[in-house]
$ cat input_23.tsv   # TSV, C-alpha atoms
chain	number	residue	atom	x	y	z
A	37	MET	CA	18.52	130.62	-3.34
A	38	ILE	CA	20.28	134.00	-3.53
A	39	THR	CA	18.16	135.95	-1.04
A	40	LEU	CA	17.94	133.99	2.19
A	41	PRO	CA	14.95	133.97	4.59
A	42	GLU	CA	16.82	135.75	7.37
A	43	ARG	CA	14.09	135.19	9.98
A	44	ARG	CA	14.20	131.42	9.51
A	45	LEU	CA	17.95	130.92	9.63
A	46	PRO	CA	19.43	129.23	12.72
A	47	TRP	CA	21.04	131.34	15.46
A	48	PRO	CA	23.93	131.38	14.68
A	49	THR	CA	23.86	130.26	11.06
A	50	PRO	CA	26.21	127.50	9.81
A	51	TRP	CA	27.40	129.44	6.77
A	52	ALA	CA	29.52	126.57	5.47
A	53	GLU	CA	26.31	124.55	5.09
A	54	ILE	CA	24.49	127.45	3.40
A	55	PHE	CA	27.25	127.88	0.80
A	56	GLY	CA	28.07	124.19	0.59
A	57	ARG	CA	31.73	124.74	1.44
A	58	ASP	CA	34.02	126.04	4.15
A	59	ALA	CA	35.54	129.34	3.00
A	60	PRO	CA	36.39	132.81	4.37
A	61	LEU	CA	33.23	134.80	5.09
A	62	LEU	CA	33.09	138.35	3.67
A	63	VAL	CA	30.28	140.80	4.47
A	64	GLU	CA	29.19	144.01	2.77
A	65	ILE	CA	26.86	146.08	4.95
A	66	GLY	CA	24.45	148.20	2.90
A	67	PHE	CA	25.30	147.04	-0.62
A	68	GLY	CA	22.96	149.56	-2.31
A	69	GLY	CA	23.07	149.07	-6.07
A	70	GLY	CA	25.13	145.91	-5.73
A	71	HIS	CA	28.03	146.97	-7.98
A	72	PHE	CA	30.69	146.66	-5.27
A	73	LEU	CA	29.24	143.36	-4.03
A	74	VAL	CA	29.21	141.79	-7.50
A	75	ASP	CA	32.74	143.01	-8.17
A	76	LEU	CA	33.89	141.56	-4.85
A	77	ALA	CA	32.29	138.20	-5.61
A	78	ARG	CA	33.95	138.11	-9.04
A	79	LYS	CA	37.38	138.97	-7.66
A	80	ARG	CA	37.13	136.59	-4.69
A	81	PRO	CA	35.64	133.34	-6.04
A	82	SER	CA	37.19	131.36	-3.18
A	83	ALA	CA	35.30	133.39	-0.53
A	84	ASN	CA	31.72	133.15	0.71
A	85	ILE	CA	30.15	136.61	0.42
A	86	ILE	CA	27.09	138.02	2.19
A	87	GLY	CA	25.42	141.32	1.31
A	88	VAL	CA	22.97	142.84	3.77
A	89	GLU	CA	20.44	145.57	2.96
A	90	ILE	CA	17.23	147.04	4.37
A	91	SER	CA	15.92	148.39	1.06
A	92	LEU	CA	13.75	145.89	-0.82
A	93	PRO	CA	14.38	147.51	-4.27
A	94	SER	CA	18.14	147.28	-3.60
A	95	LEU	CA	17.72	143.66	-2.63
A	96	ARG	CA	15.90	142.88	-5.88
A	97	ARG	CA	18.48	144.71	-8.01
A	98	GLY	CA	21.31	142.96	-6.20
A	99	GLU	CA	19.76	139.54	-6.77
A	100	ARG	CA	19.26	140.21	-10.48
A	101	LYS	CA	22.90	141.25	-10.86
A	102	ILE	CA	24.19	138.19	-9.01
A	103	VAL	CA	22.05	135.86	-11.10
A	104	HIS	CA	23.04	137.59	-14.33
A	105	ALA	CA	26.74	137.38	-13.40
A	106	GLY	CA	26.41	133.70	-12.46
A	107	LEU	CA	28.05	134.09	-9.04
A	108	PRO	CA	27.52	131.02	-6.82
A	109	ASN	CA	29.49	132.51	-3.90
A	110	ALA	CA	27.14	135.41	-3.01
A	111	ARG	CA	24.03	135.50	-0.83
A	112	LEU	CA	21.77	138.39	0.23
A	113	LEU	CA	19.83	139.19	3.38
A	114	GLN	CA	17.22	141.84	4.15
A	115	CYS	CA	17.97	142.75	7.76
A	116	SER	CA	19.98	145.10	9.91
A	117	ALA	CA	23.73	144.75	10.27
A	118	ARG	CA	23.33	144.23	14.02
A	119	TYR	CA	20.93	141.32	13.46
A	120	LEU	CA	23.27	139.70	10.93
A	121	LEU	CA	26.31	139.96	13.18
A	122	TRP	CA	24.66	139.36	16.54
A	123	ALA	CA	22.21	136.59	15.69
A	124	LEU	CA	23.52	134.92	12.53
A	125	CYS	CA	27.31	135.06	12.84
A	126	ALA	CA	29.24	133.00	15.37
A	127	PRO	CA	32.16	134.60	17.23
A	128	ALA	CA	35.34	135.01	15.16
A	129	SER	CA	33.61	133.76	12.00
A	130	VAL	CA	33.85	136.84	9.71
A	131	ALA	CA	37.05	137.45	7.77
A	132	GLU	CA	36.30	140.81	6.12
A	133	VAL	CA	33.68	143.58	6.44
A	134	TYR	CA	32.98	146.38	3.94
A	135	ILE	CA	30.80	149.39	4.79
A	136	ASN	CA	30.40	151.72	1.83
A	137	PHE	CA	28.80	155.13	2.33
A	138	PRO	CA	26.50	154.33	5.24
A	139	ASP	CA	23.62	156.71	5.99
A	140	PRO	CA	25.20	159.70	7.78
A	141	TRP	CA	22.01	160.71	9.60
A	142	PRO	CA	23.13	164.35	9.45
A	143	LYS	CA	20.66	165.83	11.96
A	144	ALA	CA	22.04	165.95	15.49
A	145	ALA	CA	18.84	164.44	16.86
A	146	HIS	CA	19.41	161.38	14.64
A	147	HIS	CA	23.09	160.74	15.40
A	148	GLN	CA	22.16	157.82	17.67
A	149	ARG	CA	20.92	156.04	14.52
A	150	ARG	CA	24.36	156.03	12.94
A	151	LEU	CA	25.68	152.54	12.36
A	152	ILE	CA	29.26	153.07	13.45
A	153	ASN	CA	29.64	153.68	17.17
A	154	GLU	CA	31.31	152.12	20.19
A	155	SER	CA	28.67	149.39	20.64
A	156	PHE	CA	28.70	148.38	16.97
A	157	LEU	CA	32.50	148.19	16.83
A	158	HIS	CA	32.48	146.04	19.97
A	159	LEU	CA	29.91	143.70	18.39
A	160	LEU	CA	31.92	143.63	15.16
A	161	ALA	CA	35.08	142.79	17.08
A	162	THR	CA	33.44	139.73	18.66
A	163	ARG	CA	32.42	138.39	15.24
A	164	MET	CA	35.60	139.06	13.25
A	165	GLU	CA	38.69	136.93	13.01
A	166	ALA	CA	41.99	138.29	14.32
A	167	ASN	CA	43.63	140.37	11.55
A	168	GLY	CA	40.29	140.48	9.71
A	169	ARG	CA	39.88	143.38	7.30
A	170	LEU	CA	37.52	146.32	7.95
A	171	ASP	CA	37.02	148.85	5.13
A	172	ILE	CA	34.74	151.88	5.54
A	173	ALA	CA	34.04	154.71	3.09
A	174	THR	CA	32.05	157.93	3.52
A	175	ASP	CA	31.71	161.26	1.72
A	176	HIS	CA	30.07	163.04	4.67
A	177	ALA	CA	32.62	165.25	6.48
A	178	ASP	CA	30.86	165.25	9.85
A	179	TYR	CA	30.33	161.48	9.75
A	180	ALA	CA	34.01	161.08	8.84
A	181	GLU	CA	34.96	162.92	12.03
A	182	TRP	CA	32.54	160.70	13.96
A	183	ILE	CA	33.99	157.50	12.42
A	184	THR	CA	37.57	158.66	13.00
A	185	GLU	CA	36.84	159.29	16.68
A	186	ALA	CA	34.99	155.99	17.12
A	187	LEU	CA	37.83	154.01	15.55
A	188	ALA	CA	40.43	155.89	17.59
A	189	GLN	CA	38.62	154.98	20.81
A	190	THR	CA	38.06	151.28	20.16
A	191	PRO	CA	40.77	148.97	21.52
A	192	TYR	CA	39.85	146.22	19.04
A	193	PHE	CA	40.83	147.70	15.68
A	194	GLU	CA	43.89	149.43	14.24
A	195	SER	CA	44.64	151.09	10.92
A	196	ARG	CA	46.42	149.09	8.24
A	197	LEU	CA	47.89	152.41	7.06
A	198	PRO	CA	50.13	154.92	8.87
A	199	VAL	CA	47.14	157.30	9.02
A	200	PRO	CA	43.50	156.81	10.13
A	201	PHE	CA	42.13	157.37	6.60
A	202	VAL	CA	43.03	158.45	3.09
A	203	THR	CA	41.02	160.57	0.67
A	204	GLU	CA	41.92	158.69	-2.49
A	205	ASP	CA	41.63	155.00	-3.31
A	206	ASN	CA	42.05	154.15	-6.97
A	207	GLU	CA	42.23	150.39	-6.38
A	208	ARG	CA	38.60	149.92	-5.38
A	209	LEU	CA	35.52	149.81	-7.58
A	210	ARG	CA	33.68	153.10	-7.24
A	211	THR	CA	30.09	152.84	-6.12
A	212	LYS	CA	27.15	154.89	-7.37
A	213	TYR	CA	27.15	157.19	-4.33
A	214	GLU	CA	30.94	157.51	-4.52
A	215	ASN	CA	30.76	158.76	-8.11
A	216	ILE	CA	27.98	161.20	-7.17
A	217	ALA	CA	30.05	162.55	-4.28
A	218	LEU	CA	33.19	162.96	-6.37
A	219	ALA	CA	31.24	164.65	-9.20
A	220	ALA	CA	29.86	167.10	-6.64
A	221	GLY	CA	33.38	167.88	-5.41
A	222	ARG	CA	33.04	166.22	-2.00
A	223	ALA	CA	36.05	164.51	-0.49
A	224	CYS	CA	35.69	160.81	0.25
A	225	HIS	CA	37.26	159.27	3.31
A	226	TYR	CA	38.53	155.69	3.08
A	227	TYR	CA	39.31	153.76	6.25
A	228	LYS	CA	41.43	150.63	5.94
A	229	TRP	CA	41.56	149.02	9.34
A	230	ARG	CA	41.95	145.53	10.74
A	231	ARG	CA	40.82	143.55	13.75
A	232	ASN	CA	43.72	143.29	16.15
A	233	GLU	CA	44.30	140.49	18.67
A	234	THR	CA	42.88	142.29	21.73
A	235	LEU	CA	40.23	140.12	23.35
A	236	ALA	CA	36.72	141.59	23.03
A	237	PRO	CA	34.37	140.36	25.79
A	238	ASP	CA	31.41	138.74	24.05
A	239	ILE	CA	28.42	140.50	25.60
A	240	PHE	CA	26.32	139.67	22.52
A	241	PRO	CA	25.17	136.06	22.96
A	242	PRO	CA	23.09	134.71	20.07
A	243	PRO	CA	19.36	134.87	20.84
A	244	GLU	CA	17.76	131.72	22.18
A	245	GLU	CA	14.63	130.27	20.62
A	246	LEU	CA	12.31	129.10	23.40
A	247	PRO	CA	9.24	126.83	23.27
A	248	MET	CA	6.04	128.38	21.99
A	249	PRO	CA	4.58	130.24	24.99
A	250	HIS	CA	1.19	129.45	26.50
A	251	VAL	CA	-0.75	130.75	29.47
A	252	ILE	CA	-4.06	129.21	30.52
A	253	LEU	CA	-6.32	131.53	32.48
A	254	GLU	CA	-9.87	131.66	33.77
A	255	THR	CA	-12.12	134.71	33.72
A	256	PRO	CA	-15.90	135.14	33.68
A	257	LEU	CA	-15.56	137.74	30.93
A	258	SER	CA	-16.44	136.89	27.34
A	259	LEU	CA	-14.02	137.66	24.53
A	260	PRO	CA	-16.17	140.59	23.28
A	261	GLU	CA	-16.11	141.97	26.84
A	262	ILE	CA	-12.33	141.63	26.97
A	263	GLU	CA	-12.05	143.40	23.62
A	264	SER	CA	-14.24	146.25	24.89
A	265	HIS	CA	-11.71	146.97	27.65
A	266	PHE	CA	-8.69	147.13	25.35
A	267	THR	CA	-6.76	150.31	24.69
A	268	SER	CA	-3.24	150.35	23.35
A	269	PHE	CA	-0.51	150.21	25.99
A	270	HIS	CA	3.22	149.70	26.24
A	271	VAL	CA	5.55	148.04	28.71
A	272	SER	CA	9.31	148.42	29.08
A	273	THR	CA	11.71	146.12	30.90
A	274	ASP	CA	15.50	145.98	30.97
A	275	ASP	CA	15.54	143.70	27.92
A	276	VAL	CA	12.50	144.50	25.80
A	277	HIS	CA	10.08	147.29	24.93
A	278	LEU	CA	6.53	146.12	24.14
A	279	ARG	CA	3.72	147.92	22.34
A	280	PHE	CA	0.29	146.29	22.34
A	281	MET	CA	-1.25	148.29	19.52
A	282	GLU	CA	-4.62	146.87	18.41
A	283	MET	CA	-6.97	144.02	19.29
A	284	PHE	CA	-9.22	142.24	16.78
A	285	LEU	CA	-12.16	139.95	17.56
A	286	ALA	CA	-12.68	136.99	15.22
A	287	ARG	CA	-16.05	136.79	13.49
A	288	ASP	CA	-16.93	133.59	15.33
A	289	GLU	CA	-15.95	135.32	18.61
A	290	VAL	CA	-13.74	132.42	19.72
A	291	SER	CA	-10.43	134.28	19.56
A	292	LEU	CA	-8.76	137.67	19.84
A	293	LEU	CA	-5.66	138.75	17.93
A	294	VAL	CA	-3.41	141.46	19.40
A	295	ASP	CA	-1.08	143.35	17.06
A	296	THR	CA	2.14	143.60	19.09
A	297	TYR	CA	5.56	145.12	18.46
A	298	LEU	CA	8.64	143.98	20.38
A	299	LYS	CA	11.86	145.95	20.38
A	300	GLU	CA	14.31	143.33	21.61
A	301	GLU	CA	18.00	143.10	20.76
A	302	PRO	CA	18.87	141.79	18.28
A	303	VAL	CA	15.47	140.52	17.06
A	304	PRO	CA	12.75	143.20	16.83
A	305	GLN	CA	9.50	141.55	15.82
A	306	ARG	CA	5.94	142.53	14.99
A	307	VAL	CA	3.74	139.60	15.91
A	308	GLY	CA	0.18	138.54	16.59
A	309	LEU	CA	-0.60	137.40	20.12
A	310	GLN	CA	-3.75	135.37	20.50
A	311	ILE	CA	-6.34	134.89	23.21
A	312	ARG	CA	-8.65	131.99	22.36
A	313	ARG	CA	-11.45	130.17	24.10
A	314	ARG	CA	-11.02	126.44	24.59
A	315	PRO	CA	-13.96	123.96	24.60
A	316	SER	CA	-13.38	123.60	28.35
A	317	GLY	CA	-14.26	127.28	28.78
A	318	ASP	CA	-10.89	128.61	29.88
A	319	LEU	CA	-8.66	130.85	27.75
A	320	VAL	CA	-5.25	130.28	26.20
A	321	VAL	CA	-2.93	133.23	25.65
A	322	GLY	CA	-0.13	132.52	23.21
A	323	LEU	CA	1.72	133.39	20.04
A	324	HIS	CA	-0.05	133.15	16.68
A	325	GLU	CA	2.08	131.56	13.96
A	326	LEU	CA	1.23	134.27	11.44
A	327	GLY	CA	4.45	135.52	9.82
A	328	PHE	CA	6.66	132.76	11.28
A	329	PRO	CA	7.66	134.56	14.51
A	330	ARG	CA	10.54	133.36	16.68
A	331	PRO	CA	9.55	132.66	20.32
A	332	THR	CA	12.30	134.57	22.15
A	333	SER	CA	12.48	135.65	25.77
A	334	GLY	CA	10.81	138.91	24.73
A	335	ILE	CA	7.88	137.00	23.23
A	336	HIS	CA	7.44	135.12	26.49
A	337	THR	CA	7.50	138.45	28.34
A	338	ALA	CA	4.85	139.85	25.97
A	339	VAL	CA	2.55	136.86	26.51
A	340	ARG	CA	2.97	137.23	30.26
A	341	HIS	CA	1.99	140.92	30.20
A	342	LEU	CA	-1.01	140.28	27.97
A	343	ALA	CA	-2.18	137.48	30.27
A	344	ASP	CA	-1.65	139.70	33.33
A	345	TRP	CA	-3.74	142.41	31.68
A	346	ALA	CA	-6.57	140.00	30.82
A	347	VAL	CA	-6.65	138.62	34.38
A	348	SER	CA	-6.71	142.14	35.86
A	349	LEU	CA	-10.03	142.93	34.13
A	350	HIS	CA	-12.10	140.95	36.67
A	351	PRO	CA	-11.55	140.06	40.35
A	352	ALA	CA	-12.29	136.40	39.61
A	353	GLY	CA	-9.65	136.20	36.88
A	354	ARG	CA	-6.72	133.90	37.59
A	355	ILE	CA	-3.79	132.15	35.96
A	356	VAL	CA	-4.19	128.36	35.92
A	357	ARG	CA	-0.81	127.37	34.50
A	358	HIS	CA	1.83	128.39	31.97
A	359	ASN	CA	5.09	127.38	30.35
A	360	LEU	CA	6.74	130.79	30.26
A	361	GLN	CA	10.50	131.10	30.46
A	362	GLY	CA	13.09	133.82	30.16
A	363	GLY	CA	12.90	135.45	33.57
A	364	VAL	CA	9.11	135.62	33.89
A	365	GLN	CA	8.32	136.32	37.54
A	366	GLN	CA	4.79	137.66	37.91
A	367	MET	CA	2.66	134.65	37.11
A	368	GLU	CA	0.34	133.39	39.83
A	369	ALA	CA	1.10	129.73	39.22
A	370	GLU	CA	4.36	127.83	39.03
A	371	THR	CA	5.59	126.87	35.58
A	372	ASP	CA	3.68	123.82	34.37
A	373	LEU	CA	4.48	122.68	30.85
A	374	LEU	CA	1.36	122.23	28.80
A	375	ASP	CA	0.40	118.93	27.25
$ encode --input "input_23.tsv" --output "structure tokens"
Amino acid sequence: MITLPERRLPWPTPWAEIFGRDAPLLVEIGFGGGHFLVDLARKRPSANIIGVEISLPSLRRGERKIVHAGLPNARLLQCSARYLLWALCAPASVAEVYINFPDPWPKAAHHQRRLINESFLHLLATRMEANGRLDIATDHADYAEWITEALAQTPYFESRLPVPFVTEDNERLRTKYENIALAAGRACHYYKWRRNETLAPDIFPPPEELPMPHVILETPLSLPEIESHFTSFHVSTDDVHLRFMEMFLARDEVSLLVDTYLKEEPVPQRVGLQIRRRPSGDLVVGLHELGFPRPTSGIHTAVRHLADWAVSLHPAGRIVRHNLQGGVQQMEAETDLLD
């Protein structure tokens, strides 16, 4: 399998098992057309190579090129760079990282979306080996200034050259965007840095997968009555931002499905939370398995807030028991693992 199911991989992922061998791990972030990635895999057959992309068309083109070239040492993922590094890579497990022409997000209001910043470089430092190679390229002058400043401020990386960057690199394979930039007369900036030996505090622990969450509650309201009270709402805590967007009543009126978005580092998820009636008459609030969600601390928090909301609709509503973890504090009953 060339393209891996990133949401089903273990946290962190044992890459030696995925590739079937223990070898240096190389990562290209945002491989675009896949030309650089394929060239890297050809030149480095003794390395395990991961390409990460958000774009589905890029992912498909990259997979076709890898298959056509017959490269057994390359794998692809459709996810963010932060998710790959934070959740899937163990500390000090990455030997080399390549970032070619990342989105510059030129508008000032969008600068916070830029990949390279203090937080990202700190995360990268925790995942890279000492003396690991970091190569970055951009043709955007303002982003080049931004990258230069970010690299100058980080204590965890240093240039492999006497200068922070060069504007010519004839040894590398030129990418599609690189050729476009050069044809348009724009200067490209090439950063050739390395991870130094300064200890980077690991404040990015891999996410923990918890048991599937359940809350049992009692309320005299029917499910159609509960649905009639629903309007979209959001909740923010220190660790997660929740949006409860829409509620759907099943045709047989025995369950409700709530379309819910969780912004939780490093695993944002859009999931279905379920409220269903049991034969005993009480209700179970939990996580629907649609889409293979991962039950993180944020999921447990979302189930807790949905259950709290359902109970608040009637004075006789109450929580009977639950199995919620991850810092849940507002339940009426003590944690009682469900049968």
$ closest_residue --input "input_23.tsv" --among "A:Glu244, A:Glu263, A:Glu254, A:Asp175" --to "A:His350" --atoms "only C-alpha atoms"
A:Glu254
$ atom_distance --input "input_23.tsv" --atom1 "atom CA of A:Glu233" --atom2 "atom CA of A:Asp139"
29.2 Å
$ closest_residue --input "input_23.tsv" --among "A:Ser195, A:Gln114, A:Asn206, A:Ser264" --to "A:Arg230" --atoms "all atoms listed in the file"
A:Ser195
$ residues_around --input "input_23.tsv" --residues "A:His336" --least-positions-apart "5" --cutoff "7 Å" --atoms "all atoms listed in the file" --output "PDB file with C-alpha atoms, in the frame of the given file"
ATOM      1  CA  PRO A 249       4.580 130.240  24.990  1.00  0.00           C
ATOM      2  CA  PRO A 331       9.550 132.660  20.320  1.00  0.00           C
ATOM      3  CA  LEU A 360       6.740 130.790  30.260  1.00  0.00           C
ATOM      4  CA  GLN A 361      10.500 131.100  30.460  1.00  0.00           C
ATOM      5  CA  GLY A 362      13.090 133.820  30.160  1.00  0.00           C
TER       6      GLY A 362
END
$ residues_near_point --input "input_23.tsv" --point "(40.3, 154.9, 13.1)" --cutoff "9 Å" --atoms "only C-alpha atoms" --output "list in words"
Ile183, Thr184, Glu185, Ala186, Leu187, Ala188, Gln189, Thr190, Phe193, Glu194, Ser195, Val199, Pro200, Phe201, Tyr227, Lys228 and Trp229 of chain A
$ closest_residue --input "input_23.tsv" --among "A:Ala145, A:Ala110, A:Leu257, A:Leu76" --to "A:Leu349" --atoms "only C-alpha atoms"
A:Leu257
$ closest_residue --input "input_23.tsv" --among "A:Ser272, A:Asn215, A:Thr234, A:Thr296" --to "A:Met164" --atoms "only C-alpha atoms"
A:Thr234
$ residues_around --input "input_23.tsv" --residues "A:Ala346" --least-positions-apart "5" --cutoff "10 Å" --atoms "all atoms listed in the file" --output "VMD selection string"
chain A and resid 253 to 255 257 262 to 263 265 to 266 311 319 321 340 to 341 353 to 355
$ residues_around --input "input_23.tsv" --residues "stretch 278-285 of chain A" --least-positions-apart "2" --cutoff "12 Å" --atoms "only C-alpha atoms" --output "number ranges by chain"
A: 258-276, 287-300, 304-313, 334-342, 345
$ atom_distance --input "input_23.tsv" --atom1 "atom CA of A:Phe55" --atom2 "atom CA of A:Thr211"
26.1 Å
$ closest_residue --input "input_23.tsv" --among "A:Val202, A:Cys224, A:Leu218, A:Leu151" --to "A:His176" --atoms "all atoms listed in the file"
A:Cys224
$ axis_aligned_box --input "input_23.tsv" --around "stretch 196-204 of chain A" --padding-each-side "4 Å" --output "JSON"
{"center_x": 45.6, "center_y": 154.8, "center_z": 3.8, "size_x": 17.1, "size_y": 19.5, "size_z": 20.6}
$ atom_distance --input "input_23.tsv" --atom1 "atom CA of A:Ser333" --atom2 "atom CA of A:Pro127"
21.5 Å
$ residues_near_point --input "input_23.tsv" --point "(24.2, 126.8, 7.5)" --cutoff "12 Å" --atoms "all atoms listed in the file" --output "list of chain:residue names"
A:Leu40, A:Glu42, A:Arg44, A:Leu45, A:Pro46, A:Trp47, A:Pro48, A:Thr49, A:Pro50, A:Trp51, A:Ala52, A:Glu53, A:Ile54, A:Phe55, A:Gly56, A:Arg57, A:Asp58, A:Asn84, A:Leu124, A:Cys125, A:Ala126
$ closest_residue --input "input_23.tsv" --among "A:Ser116, A:Thr174, A:Asn167, A:Asn136" --to "A:Pro302" --atoms "all atoms listed in the file"
A:Ser116
$ decode --input "input_23.tsv" --residues "stretch 245-264 of chain A" --atoms "N, CA, C and O atoms" --output "compact mmCIF listing (two decimals), in the first residue's frame"
# COMPACT_ATOMS: atom_id res chain seq x y z
N GLU A 245 -5.31 7.32 22.74
CA GLU A 245 -6.62 6.80 22.34
C GLU A 245 -7.29 6.19 23.56
O GLU A 245 -6.78 5.23 24.16
N LEU A 246 -8.44 6.74 23.93
CA LEU A 246 -9.16 6.33 25.13
C LEU A 246 -10.25 5.33 24.77
O LEU A 246 -10.55 5.11 23.59
N PRO A 247 -10.88 4.70 25.77
CA PRO A 247 -12.03 3.82 25.48
C PRO A 247 -13.16 4.61 24.82
O PRO A 247 -13.27 5.83 24.98
N MET A 248 -13.99 3.91 24.08
CA MET A 248 -15.16 4.56 23.49
C MET A 248 -16.02 5.15 24.61
O MET A 248 -16.36 4.47 25.57
N PRO A 249 -16.37 6.44 24.49
CA PRO A 249 -17.08 7.10 25.58
C PRO A 249 -18.57 6.79 25.59
O PRO A 249 -19.20 6.66 24.54
N HIS A 250 -19.13 6.69 26.80
CA HIS A 250 -20.56 6.48 26.97
C HIS A 250 -21.06 7.27 28.18
O HIS A 250 -20.38 7.32 29.20
N VAL A 251 -22.21 7.85 28.04
CA VAL A 251 -22.91 8.45 29.17
C VAL A 251 -24.34 7.92 29.14
O VAL A 251 -25.00 7.95 28.09
N ILE A 252 -24.82 7.40 30.25
CA ILE A 252 -26.21 6.97 30.37
C ILE A 252 -26.95 8.05 31.16
O ILE A 252 -26.51 8.46 32.24
N LEU A 253 -28.06 8.51 30.60
CA LEU A 253 -28.84 9.55 31.27
C LEU A 253 -30.32 9.21 31.21
O LEU A 253 -30.77 8.40 30.39
N GLU A 254 -31.06 9.84 32.09
CA GLU A 254 -32.52 9.71 32.13
C GLU A 254 -33.15 11.08 31.94
O GLU A 254 -32.66 12.07 32.49
N THR A 255 -34.19 11.13 31.12
CA THR A 255 -34.96 12.34 30.90
C THR A 255 -36.36 11.95 30.45
O THR A 255 -36.51 10.96 29.71
N PRO A 256 -37.37 12.67 30.87
CA PRO A 256 -38.73 12.34 30.40
C PRO A 256 -38.98 12.76 28.95
O PRO A 256 -40.02 12.41 28.38
N LEU A 257 -38.05 13.49 28.35
CA LEU A 257 -38.25 13.97 26.98
C LEU A 257 -38.06 12.84 25.98
O LEU A 257 -37.19 11.97 26.15
N SER A 258 -38.84 12.87 24.92
CA SER A 258 -38.64 11.94 23.81
C SER A 258 -37.52 12.46 22.91
O SER A 258 -37.12 13.63 22.99
N LEU A 259 -37.03 11.60 22.04
CA LEU A 259 -35.98 12.04 21.12
C LEU A 259 -36.47 13.14 20.17
O LEU A 259 -35.72 14.10 19.93
N PRO A 260 -37.69 13.06 19.62
CA PRO A 260 -38.16 14.19 18.81
C PRO A 260 -38.24 15.49 19.61
O PRO A 260 -37.95 16.56 19.06
N GLU A 261 -38.58 15.40 20.89
CA GLU A 261 -38.61 16.61 21.72
C GLU A 261 -37.20 17.16 21.93
O GLU A 261 -36.98 18.38 21.91
N ILE A 262 -36.25 16.28 22.15
CA ILE A 262 -34.87 16.72 22.29
C ILE A 262 -34.40 17.40 21.00
O ILE A 262 -33.79 18.47 21.03
N GLU A 263 -34.72 16.78 19.86
CA GLU A 263 -34.32 17.37 18.58
C GLU A 263 -34.93 18.76 18.40
O GLU A 263 -34.28 19.67 17.88
N SER A 264 -36.16 18.95 18.85
CA SER A 264 -36.84 20.23 18.66
C SER A 264 -36.16 21.37 19.43
O SER A 264 -36.32 22.54 19.10
